[in-house]
$ cat entry.pdb   # PDB, C-alpha atoms and all ligand atoms
ATOM      1  CA  MET A   1     -19.413  -2.356 -25.640
ATOM      2  CA  THR A   2     -22.113  -2.814 -28.287
ATOM      3  CA  ALA A   3     -22.795   0.698 -29.431
ATOM      4  CA  ARG A   4     -25.729   1.535 -31.665
ATOM      5  CA  ILE A   5     -23.453   3.164 -34.224
ATOM      6  CA  ILE A   6     -25.119   2.743 -37.551
ATOM      7  CA  GLN A   7     -23.622   5.153 -39.963
ATOM      8  CA  LYS A   8     -20.622   7.163 -40.931
ATOM      9  CA  LEU A   9     -21.712  10.763 -41.353
ATOM     10  CA  ARG A  10     -19.810  13.605 -42.940
ATOM     11  CA  VAL A  11     -19.154  16.842 -41.090
ATOM     12  CA  VAL A  12     -20.530  19.517 -43.410
ATOM     13  CA  GLY A  13     -20.478  22.395 -40.934
ATOM     14  CA  VAL A  14     -18.437  23.391 -37.903
ATOM     15  CA  GLU A  15     -19.212  26.587 -36.064
ATOM     16  CA  ASP A  16     -18.141  27.926 -32.684
ATOM     17  CA  SER A  17     -21.238  28.993 -30.794
ATOM     18  CA  THR A  18     -19.180  30.114 -27.783
ATOM     19  CA  PRO A  19     -15.472  29.743 -26.957
ATOM     20  CA  GLU A  20     -16.348  26.362 -25.386
ATOM     21  CA  VAL A  21     -19.147  25.067 -27.596
ATOM     22  CA  ARG A  22     -18.820  23.903 -31.171
ATOM     23  CA  VAL A  23     -21.816  23.097 -33.362
ATOM     24  CA  TYR A  24     -21.372  20.280 -35.877
ATOM     25  CA  THR A  25     -23.654  19.740 -38.852
ATOM     26  CA  LEU A  26     -23.704  16.170 -40.124
ATOM     27  CA  GLU A  27     -24.983  14.641 -43.340
ATOM     28  CA  HIS A  28     -24.876  11.195 -44.857
ATOM     29  CA  PRO A  29     -22.245  11.170 -47.601
ATOM     30  CA  ARG A  30     -24.592   9.416 -50.055
ATOM     31  CA  LYS A  31     -28.115   9.050 -48.717
ATOM     32  CA  PRO A  32     -30.362  12.096 -49.001
ATOM     33  CA  LEU A  33     -32.205  11.387 -45.746
ATOM     34  CA  LEU A  34     -31.208  10.458 -42.206
ATOM     35  CA  PRO A  35     -33.594   8.708 -39.810
ATOM     36  CA  ALA A  36     -36.469  10.877 -38.585
ATOM     37  CA  TRP A  37     -36.323  12.169 -35.026
ATOM     38  CA  ALA A  38     -38.373  14.240 -32.616
ATOM     39  CA  ALA A  39     -37.338  16.947 -30.164
ATOM     40  CA  GLY A  40     -35.525  15.581 -27.124
ATOM     41  CA  ALA A  41     -33.709  12.848 -29.077
ATOM     42  CA  HIS A  42     -29.996  12.223 -28.761
ATOM     43  CA  VAL A  43     -27.455  10.297 -30.796
ATOM     44  CA  ASP A  44     -24.345   8.417 -29.753
ATOM     45  CA  VAL A  45     -21.112   9.564 -31.356
ATOM     46  CA  ARG A  46     -18.082   7.328 -31.318
ATOM     47  CA  VAL A  47     -15.074   9.130 -29.897
ATOM     48  CA  ALA A  48     -11.563   7.921 -29.120
ATOM     49  CA  ASP A  49     -10.884   4.311 -28.107
ATOM     50  CA  ALA A  50     -14.261   3.114 -29.408
ATOM     51  CA  LYS A  51     -16.024   4.967 -26.584
ATOM     52  CA  VAL A  52     -19.283   6.754 -27.273
ATOM     53  CA  ARG A  53     -20.827   9.943 -25.997
ATOM     54  CA  GLN A  54     -24.404  11.124 -26.143
ATOM     55  CA  TYR A  55     -25.343  14.416 -27.782
ATOM     56  CA  SER A  56     -28.826  15.839 -28.185
ATOM     57  CA  LEU A  57     -29.936  16.800 -31.649
ATOM     58  CA  CYS A  58     -30.475  20.552 -31.596
ATOM     59  CA  GLY A  59     -31.403  21.324 -35.203
ATOM     60  CA  GLU A  60     -34.849  21.470 -36.714
ATOM     61  CA  PRO A  61     -36.842  18.326 -35.828
ATOM     62  CA  GLY A  62     -38.303  16.889 -38.995
ATOM     63  CA  VAL A  63     -35.326  17.927 -41.112
ATOM     64  CA  GLN A  64     -33.797  14.646 -42.200
ATOM     65  CA  LYS A  65     -31.176  15.944 -44.585
ATOM     66  CA  ARG A  66     -28.810  16.975 -41.805
ATOM     67  CA  TRP A  67     -28.444  16.720 -38.069
ATOM     68  CA  GLN A  68     -26.861  19.201 -35.702
ATOM     69  CA  ILE A  69     -25.177  18.558 -32.389
ATOM     70  CA  ALA A  70     -23.442  21.012 -30.062
ATOM     71  CA  VAL A  71     -20.413  19.836 -28.109
ATOM     72  CA  LYS A  72     -19.043  21.669 -25.093
ATOM     73  CA  ARG A  73     -15.385  21.072 -24.479
ATOM     74  CA  GLU A  74     -15.343  19.813 -20.893
ATOM     75  CA  ALA A  75     -11.957  20.500 -19.327
ATOM     76  CA  ALA A  76     -12.721  18.082 -16.503
ATOM     77  CA  GLY A  77     -14.630  15.633 -18.651
ATOM     78  CA  ARG A  78     -13.867  12.081 -19.695
ATOM     79  CA  GLY A  79     -12.021  13.174 -22.831
ATOM     80  CA  GLY A  80     -14.749  12.681 -25.417
ATOM     81  CA  SER A  81     -15.530  16.344 -25.937
ATOM     82  CA  ALA A  82     -11.852  17.292 -26.179
ATOM     83  CA  TRP A  83     -11.391  14.545 -28.766
ATOM     84  CA  MET A  84     -14.345  15.902 -30.751
ATOM     85  CA  HIS A  85     -13.020  19.474 -30.691
ATOM     86  CA  GLU A  86      -9.511  18.419 -31.644
ATOM     87  CA  THR A  87     -10.313  15.728 -34.191
ATOM     88  CA  LEU A  88     -13.631  16.342 -35.853
ATOM     89  CA  ALA A  89     -13.176  18.914 -38.594
ATOM     90  CA  LEU A  90     -15.059  20.093 -41.653
ATOM     91  CA  GLY A  91     -15.115  17.300 -44.238
ATOM     92  CA  GLY A  92     -14.265  14.680 -41.612
ATOM     93  CA  GLU A  93     -16.350  11.671 -40.687
ATOM     94  CA  ALA A  94     -18.152  10.784 -37.499
ATOM     95  CA  MET A  95     -19.632   7.442 -36.522
ATOM     96  CA  VAL A  96     -23.116   8.184 -35.275
ATOM     97  CA  SER A  97     -26.023   6.076 -34.020
ATOM     98  CA  ALA A  98     -29.700   6.309 -34.808
ATOM     99  CA  PRO A  99     -31.544   8.809 -32.606
ATOM    100  CA  ARG A 100     -32.985   7.621 -29.300
ATOM    101  CA  ASN A 101     -35.473   9.679 -27.343
ATOM    102  CA  ASN A 102     -35.636   9.426 -23.544
ATOM    103  CA  PHE A 103     -36.861  13.008 -23.224
ATOM    104  CA  PRO A 104     -39.831  13.516 -25.545
ATOM    105  CA  LEU A 105     -42.350  16.332 -25.380
ATOM    106  CA  ALA A 106     -45.555  15.251 -23.671
ATOM    107  CA  PRO A 107     -49.011  16.264 -24.861
ATOM    108  CA  ALA A 108     -49.720  19.390 -22.811
ATOM    109  CA  THR A 109     -51.424  22.743 -22.998
ATOM    110  CA  ARG A 110     -48.356  24.550 -21.662
ATOM    111  CA  HIS A 111     -44.667  23.670 -21.407
ATOM    112  CA  VAL A 112     -42.080  25.130 -19.033
ATOM    113  CA  LEU A 113     -38.508  24.442 -20.152
ATOM    114  CA  VAL A 114     -35.475  25.023 -17.932
ATOM    115  CA  ALA A 115     -31.994  24.771 -19.431
ATOM    116  CA  GLY A 116     -28.558  25.147 -17.923
ATOM    117  CA  GLY A 117     -25.607  25.789 -20.259
ATOM    118  CA  ILE A 118     -25.084  23.095 -22.850
ATOM    119  CA  GLY A 119     -28.208  21.379 -21.472
ATOM    120  CA  VAL A 120     -30.126  23.743 -23.711
ATOM    121  CA  THR A 121     -29.565  21.526 -26.765
ATOM    122  CA  PRO A 122     -32.625  19.237 -26.450
ATOM    123  CA  LEU A 123     -34.688  22.181 -25.234
ATOM    124  CA  LEU A 124     -33.801  24.212 -28.318
ATOM    125  CA  ALA A 125     -35.200  21.374 -30.429
ATOM    126  CA  MET A 126     -38.302  21.323 -28.220
ATOM    127  CA  ALA A 127     -38.668  25.092 -28.571
ATOM    128  CA  ARG A 128     -38.431  24.762 -32.346
ATOM    129  CA  THR A 129     -41.252  22.192 -32.311
ATOM    130  CA  LEU A 130     -43.421  24.147 -29.891
ATOM    131  CA  ALA A 131     -42.918  27.425 -31.733
ATOM    132  CA  ALA A 132     -43.821  25.771 -35.035
ATOM    133  CA  GLU A 133     -46.993  24.397 -33.449
ATOM    134  CA  GLY A 134     -47.890  27.741 -31.907
ATOM    135  CA  ALA A 135     -47.832  26.064 -28.498
ATOM    136  CA  ASP A 136     -47.708  27.907 -25.195
ATOM    137  CA  PHE A 137     -44.234  27.651 -23.668
ATOM    138  CA  THR A 138     -41.513  29.475 -21.738
ATOM    139  CA  LEU A 139     -37.835  28.604 -21.865
ATOM    140  CA  HIS A 140     -35.676  29.629 -18.891
ATOM    141  CA  PHE A 141     -32.026  29.602 -19.919
ATOM    142  CA  CYS A 142     -29.311  29.757 -17.247
ATOM    143  CA  ALA A 143     -25.670  30.453 -18.084
ATOM    144  CA  ARG A 144     -22.679  32.284 -16.682
ATOM    145  CA  SER A 145     -22.992  35.064 -19.261
ATOM    146  CA  ALA A 146     -24.515  35.788 -22.656
ATOM    147  CA  ALA A 147     -21.083  35.248 -24.226
ATOM    148  CA  LEU A 148     -20.917  31.734 -22.763
ATOM    149  CA  ALA A 149     -24.555  30.837 -23.461
ATOM    150  CA  PRO A 150     -24.564  28.290 -26.301
ATOM    151  CA  LEU A 151     -26.963  28.679 -29.210
ATOM    152  CA  LEU A 152     -28.249  31.973 -27.834
ATOM    153  CA  ALA A 153     -28.899  33.598 -31.205
ATOM    154  CA  GLU A 154     -30.940  30.584 -32.359
ATOM    155  CA  LEU A 155     -32.875  30.538 -29.088
ATOM    156  CA  ARG A 156     -33.711  34.211 -29.376
ATOM    157  CA  ALA A 157     -34.856  33.759 -32.957
ATOM    158  CA  VAL A 158     -36.981  30.698 -32.150
ATOM    159  CA  CYS A 159     -38.430  31.758 -28.807
ATOM    160  CA  GLY A 160     -38.703  35.542 -29.013
ATOM    161  CA  PRO A 161     -40.233  36.832 -25.765
ATOM    162  CA  ARG A 162     -40.794  33.265 -24.572
ATOM    163  CA  LEU A 163     -37.070  33.064 -23.779
ATOM    164  CA  VAL A 164     -36.127  34.201 -20.264
ATOM    165  CA  THR A 165     -32.377  34.432 -19.728
ATOM    166  CA  TRP A 166     -30.645  34.066 -16.379
ATOM    167  CA  PHE A 167     -27.041  35.159 -16.790
ATOM    168  CA  ALA A 168     -24.979  35.169 -13.595
ATOM    169  CA  ASP A 169     -22.731  38.031 -14.702
ATOM    170  CA  GLU A 170     -25.832  40.227 -14.955
ATOM    171  CA  GLY A 171     -26.771  39.317 -11.391
ATOM    172  CA  ARG A 172     -29.691  37.225 -12.601
ATOM    173  CA  ARG A 173     -29.675  33.770 -11.050
ATOM    174  CA  PHE A 174     -32.503  31.363 -11.652
ATOM    175  CA  ASP A 175     -34.455  30.458  -8.544
ATOM    176  CA  ALA A 176     -36.201  27.128  -9.094
ATOM    177  CA  ALA A 177     -38.954  28.247  -6.719
ATOM    178  CA  LEU A 178     -40.094  30.498  -9.583
ATOM    179  CA  ILE A 179     -41.590  27.423 -11.199
ATOM    180  CA  GLY A 180     -44.392  27.644  -8.683
ATOM    181  CA  PRO A 181     -47.365  25.311  -8.452
ATOM    182  CA  PRO A 182     -48.394  23.355 -11.538
ATOM    183  CA  ALA A 183     -51.211  24.661 -13.682
ATOM    184  CA  PRO A 184     -53.462  21.972 -15.169
ATOM    185  CA  GLY A 185     -52.077  20.545 -18.391
ATOM    186  CA  THR A 186     -48.607  21.993 -17.844
ATOM    187  CA  HIS A 187     -45.444  19.931 -18.216
ATOM    188  CA  LEU A 188     -41.978  20.787 -16.948
ATOM    189  CA  TYR A 189     -38.676  19.836 -18.641
ATOM    190  CA  ALA A 190     -35.175  20.462 -17.341
ATOM    191  CA  CYS A 191     -31.765  19.639 -18.733
ATOM    192  CA  GLY A 192     -28.415  20.848 -17.515
ATOM    193  CA  PRO A 193     -25.970  20.369 -14.671
ATOM    194  CA  GLN A 194     -27.228  18.052 -11.989
ATOM    195  CA  ARG A 195     -27.391  20.834  -9.386
ATOM    196  CA  LEU A 196     -29.891  22.618 -11.644
ATOM    197  CA  THR A 197     -32.026  19.568 -12.394
ATOM    198  CA  ASP A 198     -31.947  18.604  -8.689
ATOM    199  CA  ALA A 199     -33.072  22.124  -7.728
ATOM    200  CA  VAL A 200     -35.855  22.082 -10.309
ATOM    201  CA  ARG A 201     -36.984  18.644  -9.196
ATOM    202  CA  ALA A 202     -36.981  19.644  -5.517
ATOM    203  CA  ALA A 203     -38.891  22.865  -6.226
ATOM    204  CA  ALA A 204     -41.402  21.073  -8.462
ATOM    205  CA  GLU A 205     -42.028  18.383  -5.887
ATOM    206  CA  ALA A 206     -42.392  20.942  -3.108
ATOM    207  CA  ALA A 207     -44.881  22.869  -5.257
ATOM    208  CA  GLY A 208     -46.980  19.782  -5.970
ATOM    209  CA  TRP A 209     -46.085  18.864  -9.545
ATOM    210  CA  ALA A 210     -47.058  15.259 -10.247
ATOM    211  CA  GLU A 211     -44.214  12.997 -11.287
ATOM    212  CA  PRO A 212     -45.579  12.416 -14.837
ATOM    213  CA  GLN A 213     -45.600  16.196 -15.390
ATOM    214  CA  GLN A 214     -41.849  16.428 -14.770
ATOM    215  CA  HIS A 215     -39.182  15.468 -17.307
ATOM    216  CA  TYR A 216     -35.435  15.565 -16.762
ATOM    217  CA  GLU A 217     -32.392  14.721 -18.794
ATOM    218  CA  VAL A 218     -28.819  14.581 -17.563
ATOM    219  CA  PHE A 219     -25.868  13.284 -19.506
ATOM    220  CA  GLN A 220     -23.591  12.998 -16.526
ATOM    221  CA  PRO A 221     -23.649   9.793 -14.489
ATOM    222  CA  THR A 222     -24.983  10.328 -10.983
ATOM    223  CA  LEU A 223     -23.294   7.351  -9.440
ATOM    224  CA  ASP A 224     -22.604   7.487  -5.743
ATOM    225  CA  GLU A 225     -18.901   6.928  -5.160
ATOM    226  CA  ASN A 226     -19.610   5.576  -1.700
ATOM    227  CA  PHE A 227     -21.838   2.817  -3.071
ATOM    228  CA  LYS A 228     -20.403  -0.619  -2.250
ATOM    229  CA  PRO A 229     -21.607  -3.148  -4.840
ATOM    230  CA  GLU A 230     -22.696  -6.532  -3.489
ATOM    231  CA  PRO A 231     -23.164  -9.742  -5.461
ATOM    232  CA  PHE A 232     -26.733 -10.487  -6.468
ATOM    233  CA  GLU A 233     -28.741 -13.041  -8.419
ATOM    234  CA  LEU A 234     -30.455 -12.658 -11.758
ATOM    235  CA  LYS A 235     -33.140 -15.116 -12.788
ATOM    236  CA  LEU A 236     -33.951 -15.526 -16.466
ATOM    237  CA  ALA A 237     -37.725 -15.349 -16.961
ATOM    238  CA  SER A 238     -37.556 -17.624 -20.019
ATOM    239  CA  THR A 239     -35.812 -20.609 -18.417
ATOM    240  CA  GLY A 240     -35.681 -19.976 -14.674
ATOM    241  CA  GLU A 241     -31.885 -20.213 -14.774
ATOM    242  CA  VAL A 242     -30.219 -18.226 -12.013
ATOM    243  CA  LEU A 243     -26.984 -16.314 -12.711
ATOM    244  CA  LEU A 244     -24.744 -14.802 -10.063
ATOM    245  CA  VAL A 245     -23.581 -11.232 -10.672
ATOM    246  CA  PRO A 246     -20.360 -10.793  -8.671
ATOM    247  CA  ALA A 247     -19.682  -7.519  -6.866
ATOM    248  CA  ASP A 248     -17.158  -6.427  -9.484
ATOM    249  CA  ARG A 249     -19.258  -7.225 -12.579
ATOM    250  CA  SER A 250     -22.422  -5.724 -14.041
ATOM    251  CA  ALA A 251     -25.599  -7.595 -14.911
ATOM    252  CA  LEU A 252     -24.910  -6.606 -18.513
ATOM    253  CA  GLU A 253     -21.501  -8.293 -18.504
ATOM    254  CA  VAL A 254     -22.820 -11.466 -16.891
ATOM    255  CA  LEU A 255     -25.734 -11.738 -19.315
ATOM    256  CA  ARG A 256     -23.476 -11.179 -22.311
ATOM    257  CA  GLU A 257     -21.137 -13.841 -21.042
ATOM    258  CA  ARG A 258     -24.166 -16.144 -20.854
ATOM    259  CA  GLY A 259     -24.704 -15.519 -24.573
ATOM    260  CA  PHE A 260     -27.216 -12.691 -24.738
ATOM    261  CA  ALA A 261     -26.374 -10.149 -27.435
ATOM    262  CA  LEU A 262     -27.531  -7.120 -25.494
ATOM    263  CA  PRO A 263     -27.207  -3.535 -26.698
ATOM    264  CA  SER A 264     -25.474  -0.856 -24.687
ATOM    265  CA  SER A 265     -23.903   2.486 -25.277
ATOM    266  CA  CYS A 266     -22.807   4.687 -22.389
ATOM    267  CA  GLU A 267     -22.548   1.909 -19.769
ATOM    268  CA  LEU A 268     -22.909   4.724 -17.250
ATOM    269  CA  GLY A 269     -26.660   4.708 -16.753
ATOM    270  CA  VAL A 270     -27.376   7.785 -18.833
ATOM    271  CA  CYS A 271     -28.501   6.663 -22.294
ATOM    272  CA  GLY A 272     -31.140   3.960 -21.820
ATOM    273  CA  SER A 273     -29.745   1.557 -24.429
ATOM    274  CA  CYS A 274     -29.509  -1.366 -22.027
ATOM    275  CA  VAL A 275     -32.888  -1.039 -20.341
ATOM    276  CA  CYS A 276     -34.506  -4.414 -19.651
ATOM    277  CA  GLY A 277     -37.836  -5.389 -18.138
ATOM    278  CA  TYR A 278     -37.994  -7.197 -14.805
ATOM    279  CA  SER A 279     -40.796  -8.698 -12.805
ATOM    280  CA  GLU A 280     -39.561  -9.717  -9.371
ATOM    281  CA  GLY A 281     -36.848  -8.663  -6.985
ATOM    282  CA  VAL A 282     -35.701  -5.429  -5.401
ATOM    283  CA  VAL A 283     -33.624  -3.407  -7.837
ATOM    284  CA  ILE A 284     -31.097  -0.795  -6.735
ATOM    285  CA  HIS A 285     -31.564   1.728  -9.542
ATOM    286  CA  ARG A 286     -28.285   3.570 -10.151
ATOM    287  CA  ASP A 287     -29.034   5.220 -13.490
ATOM    288  CA  SER A 288     -30.091   8.760 -14.292
ATOM    289  CA  VAL A 289     -32.286   7.919 -17.261
ATOM    290  CA  LEU A 290     -35.365   5.995 -16.109
ATOM    291  CA  PRO A 291     -38.286   8.030 -14.765
ATOM    292  CA  VAL A 292     -39.576   6.955 -11.369
ATOM    293  CA  ALA A 293     -42.683   5.286 -12.800
ATOM    294  CA  ALA A 294     -40.613   3.150 -15.178
ATOM    295  CA  ARG A 295     -38.468   1.824 -12.356
ATOM    296  CA  GLN A 296     -41.267  -0.446 -11.183
ATOM    297  CA  ASP A 297     -40.645  -2.847 -14.046
ATOM    298  CA  ARG A 298     -37.537  -1.704 -15.942
ATOM    299  CA  MET A 299     -33.868  -1.481 -15.026
ATOM    300  CA  THR A 300     -30.598  -0.492 -16.659
ATOM    301  CA  LEU A 301     -28.402  -3.565 -16.838
ATOM    302  CA  CYS A 302     -25.155  -1.571 -17.063
ATOM    303  CA  VAL A 303     -25.210   0.048 -13.628
ATOM    304  CA  SER A 304     -28.246  -1.080 -11.651
ATOM    305  CA  ARG A 305     -28.021  -3.929  -9.202
ATOM    306  CA  ALA A 306     -30.406  -5.784  -6.920
ATOM    307  CA  ARG A 307     -30.939  -6.272  -3.250
ATOM    308  CA  VAL A 308     -33.183  -9.312  -3.728
ATOM    309  CA  ALA A 309     -32.808 -11.678  -6.702
ATOM    310  CA  VAL A 310     -34.334 -10.055  -9.743
ATOM    311  CA  THR A 311     -36.153 -11.834 -12.601
ATOM    312  CA  VAL A 312     -35.236 -10.238 -15.907
ATOM    313  CA  ALA A 313     -37.376 -10.471 -19.053
ATOM    314  CA  LEU A 314     -34.854 -12.523 -20.998
TER     315      LEU A 314
HETATM  316  S1  LIG B   1     -25.736   1.499 -21.635
HETATM  317 FE1  LIG B   1     -26.450   3.504 -21.333
HETATM  318  S2  LIG B   1     -27.865   3.274 -19.690
HETATM  319 FE2  LIG B   1     -26.919   1.335 -19.855
END

$ encode --input "entry.pdb" --output "C-alpha cells"
Amino acid sequence: MTARIIQKLRVVGVEDSTPEVRVYTLEHPRKPLLPAWAAGAHVDVRVADAKVRQYSLCGEPGVQKRWQIAVKREAAGRGGSAWMHETLALGGEAMVSAPRNNFPLAPATRHVLVAGGIGVTPLLAMARTLAAEGADFTLHFCARSAALAPLLAELRAVCGPRLVTWFADEGRRFDAALIGPPAPGTHLYACGPQRLTDAVRAAAEAAGWAEPQQHYEVFQPTLDENFKPEPFELKLASTGEVLLVPADRSALEVLRERGFALPSSCELGVCGSCVCGYSEGVVIHRDSVLPVAARQDRMTLCVSRARVAVTVAL
C-alpha cells in the first residue's frame, strides 16, 4: 500500500465528545502551518499494521495551525478506530496525510446538509464555512440521542437555528422525503451510515434533484459480497500494451507489478487516491467515492473491474 502519509503530527488535544467519539487536535511539532484545506476534506491516518483510515477534518477550515478529527470507536469495525482510541494519547504522534477533498461545497444559493452520527464531521466543517460566509443553509443531524450525538455543542454554536436535530430517543426520526423537490440553486450533501445516504439519494432522485446537485460521502466500503470477480484486460493508452488482471488481483496490483508507482490509500474504494482516467471499455464501478458523472471517464483501480477491456490513461 502506498499511503499518502506525509507528516508526523503531534496530538495536542484529546477530548471525548461522546462516550464513543474522541476528538483529536493535531499540530506539526515544528512547522507553524499545516497544508490548507477546505470543508469536506479528509486526511488518512496510519493505524496499526501500516493500515490507514480516512477521517474528515472537522475544525475551522482555513486554520492551518492545527487540524481536528473525530474518531468513533466502532465495535464492529476493522480495528482502526479501536487502535486510535487505545493508542493515540495526548503528546503522542500520528502519521497523517495531506488533506484530500472528494466532498467539496459547490457554489450554490442554498445548501441542505444531512448528517448521520459521526458522518457529521465534514458537515460541521461545511457549516463553519457557510456560517462564516453568511450563506443560507440547514443542517439536519440524525443520531440515537443528544448524548450520543458527536460534536453537538459545536454544531449548536455554529449553526444556531439552522441546526435541526433528529434524535431517535425523542421520537424524532428523519424522513428523507422531507428534503422535498429541489429549489433552484440548492445543493444537497449527505454523510453518514449508508442506509441514511441511500435514503437521501432515493428521496432526492424521486423528488427530481439533478445528479450534480447531490453530494454524498461514505467512509464504509459498499462492496457487494455476492460479486464474483472475473479476469479482465487493461490496455495502456501510452503503449497499447495489454495486461491481464486475474480474478483474484486488482488492476492496481497488476499495474504496480508492471512498474507503475501508483498511489493508493484505503484500497476499499472509499478515498479516491487511486482514481485513474480511462477512455474505452465497460468498467464495473465498485467504489463509493466517484460521482456518477465522473464514472464516464474515471475509475478506482483498487476495487473497480471491467466487463470489456478498458484503456487506462497510463
Ligand atoms: S485506494 Fe482508496 S479508492 Fe482506491

$ residues_near_point --input "entry.pdb" --point "(-32.5, 11.4, -34.6)" --cutoff "8 Å" --atoms "only C-alpha atoms" --output "number ranges by chain"
A: 34-38, 41-43, 57, 67, 98-100

$ closest_residue --input "entry.pdb" --among "A:Leu234, A:Ala190, A:Leu148, A:Val52" --to "ligand LIG 1 (chain B)" --atoms "all atoms listed in the file"
A:Val52

$ resolve_selection --input "entry.pdb" --expression "the PyMOL selection byres (((not hetatm)) within 10 of (chain B and resi 1))" --output "compact mmCIF listing (two decimals) with C-alpha atoms, keeping the file's coordinate frame"
# COMPACT_ATOMS: atom_id res chain seq x y z
CA MET A 1 -19.41 -2.36 -25.64
CA THR A 2 -22.11 -2.81 -28.29
CA ALA A 3 -22.80 0.70 -29.43
CA ASP A 44 -24.34 8.42 -29.75
CA VAL A 52 -19.28 6.75 -27.27
CA ARG A 53 -20.83 9.94 -26.00
CA GLN A 54 -24.40 11.12 -26.14
CA PHE A 219 -25.87 13.28 -19.51
CA PRO A 221 -23.65 9.79 -14.49
CA LEU A 252 -24.91 -6.61 -18.51
CA LEU A 262 -27.53 -7.12 -25.49
CA PRO A 263 -27.21 -3.54 -26.70
CA SER A 264 -25.47 -0.86 -24.69
CA SER A 265 -23.90 2.49 -25.28
CA CYS A 266 -22.81 4.69 -22.39
CA GLU A 267 -22.55 1.91 -19.77
CA LEU A 268 -22.91 4.72 -17.25
CA GLY A 269 -26.66 4.71 -16.75
CA VAL A 270 -27.38 7.78 -18.83
CA CYS A 271 -28.50 6.66 -22.29
CA GLY A 272 -31.14 3.96 -21.82
CA SER A 273 -29.74 1.56 -24.43
CA CYS A 274 -29.51 -1.37 -22.03
CA VAL A 275 -32.89 -1.04 -20.34
CA CYS A 276 -34.51 -4.41 -19.65
CA ARG A 286 -28.28 3.57 -10.15
CA ASP A 287 -29.03 5.22 -13.49
CA SER A 288 -30.09 8.76 -14.29
CA VAL A 289 -32.29 7.92 -17.26
CA LEU A 290 -35.36 6.00 -16.11
CA MET A 299 -33.87 -1.48 -15.03
CA THR A 300 -30.60 -0.49 -16.66
CA LEU A 301 -28.40 -3.56 -16.84
CA CYS A 302 -25.16 -1.57 -17.06
CA VAL A 303 -25.21 0.05 -13.63
CA SER A 304 -28.25 -1.08 -11.65

$ resolve_selection --input "entry.pdb" --expression "the PyMOL selection byres (((chain A and resi 155-172) around 6) and not hetatm)" --output "PyMOL selection string"
chain A and resi 138-145+152-154+173-174

$ atom_distance --input "entry.pdb" --atom1 "atom CA of A:Ala146" --atom2 "atom CA of A:Ala127"
18.7 Å

$ closest_residue --input "entry.pdb" --among "A:Leu255, A:Val218, A:Met84, A:Ala183" --to "A:Thr109" --atoms "all atoms listed in the file"
A:Ala183

$ residues_around --input "entry.pdb" --residues "stretch 28-32 of chain A" --least-positions-apart "6" --cutoff "7 Å" --atoms "all atoms listed in the file" --output "list of chain:residue names"
A:Leu9, A:Arg10, A:Lys65

$ resolve_selection --input "entry.pdb" --expression "the PyMOL selection byres (((chain A and resi 283) around 6) and not hetatm)" --output "count of residues only"
5

$ residues_around --input "entry.pdb" --residues "A:Thr129" --least-positions-apart "4" --cutoff "9 Å" --atoms "only C-alpha atoms" --output "PyMOL selection string"
chain A and resi 38-39+60-61+124-125+133-135

$ closest_residue --input "entry.pdb" --among "A:Gly116, A:Arg256, A:Glu27, A:Leu314" --to "A:Ala237" --atoms "all atoms listed in the file"
A:Leu314

$ residues_around --input "entry.pdb" --residues "A:Gly192" --least-positions-apart "5" --cutoff "12 Å" --atoms "all atoms listed in the file" --output "PDB file with C-alpha atoms, in the coordinates of the input"
ATOM      1  CA  SER A  56     -28.826  15.839 -28.185  1.00  0.00           C
ATOM      2  CA  LEU A 113     -38.508  24.442 -20.152  1.00  0.00           C
ATOM      3  CA  VAL A 114     -35.475  25.023 -17.932  1.00  0.00           C
ATOM      4  CA  ALA A 115     -31.994  24.771 -19.431  1.00  0.00           C
ATOM      5  CA  GLY A 116     -28.558  25.147 -17.923  1.00  0.00           C
ATOM      6  CA  GLY A 117     -25.607  25.789 -20.259  1.00  0.00           C
ATOM      7  CA  ILE A 118     -25.084  23.095 -22.850  1.00  0.00           C
ATOM      8  CA  GLY A 119     -28.208  21.379 -21.472  1.00  0.00           C
ATOM      9  CA  VAL A 120     -30.126  23.743 -23.711  1.00  0.00           C
ATOM     10  CA  THR A 121     -29.565  21.526 -26.765  1.00  0.00           C
ATOM     11  CA  PRO A 122     -32.625  19.237 -26.450  1.00  0.00           C
ATOM     12  CA  LEU A 123     -34.688  22.181 -25.234  1.00  0.00           C
ATOM     13  CA  HIS A 140     -35.676  29.629 -18.891  1.00  0.00           C
ATOM     14  CA  PHE A 141     -32.026  29.602 -19.919  1.00  0.00           C
ATOM     15  CA  CYS A 142     -29.311  29.757 -17.247  1.00  0.00           C
ATOM     16  CA  ALA A 143     -25.670  30.453 -18.084  1.00  0.00           C
ATOM     17  CA  THR A 197     -32.026  19.568 -12.394  1.00  0.00           C
ATOM     18  CA  ASP A 198     -31.947  18.604  -8.689  1.00  0.00           C
ATOM     19  CA  ALA A 199     -33.072  22.124  -7.728  1.00  0.00           C
ATOM     20  CA  VAL A 200     -35.855  22.082 -10.309  1.00  0.00           C
ATOM     21  CA  TYR A 216     -35.435  15.565 -16.762  1.00  0.00           C
ATOM     22  CA  GLU A 217     -32.392  14.721 -18.794  1.00  0.00           C
ATOM     23  CA  VAL A 218     -28.819  14.581 -17.563  1.00  0.00           C
ATOM     24  CA  PHE A 219     -25.868  13.284 -19.506  1.00  0.00           C
ATOM     25  CA  GLN A 220     -23.591  12.998 -16.526  1.00  0.00           C
TER      26      GLN A 220
END

$ closest_residue --input "entry.pdb" --among "A:Asp136, A:Gly59, A:Val12, A:Ala48" --to "A:Gly91" --atoms "only C-alpha atoms"
A:Val12

$ closest_residue --input "entry.pdb" --among "A:Val45, A:Ala210, A:Ala94, A:Ala204" --to "A:Gly185" --atoms "only C-alpha atoms"
A:Ala210

$ atom_distance --input "entry.pdb" --atom1 "atom CA of A:Ala149" --atom2 "atom CA of A:Gly62"
25.0 Å

$ atom_distance --input "entry.pdb" --atom1 "atom CA of A:Lys235" --atom2 "atom CA of A:Ala309"
7.0 Å
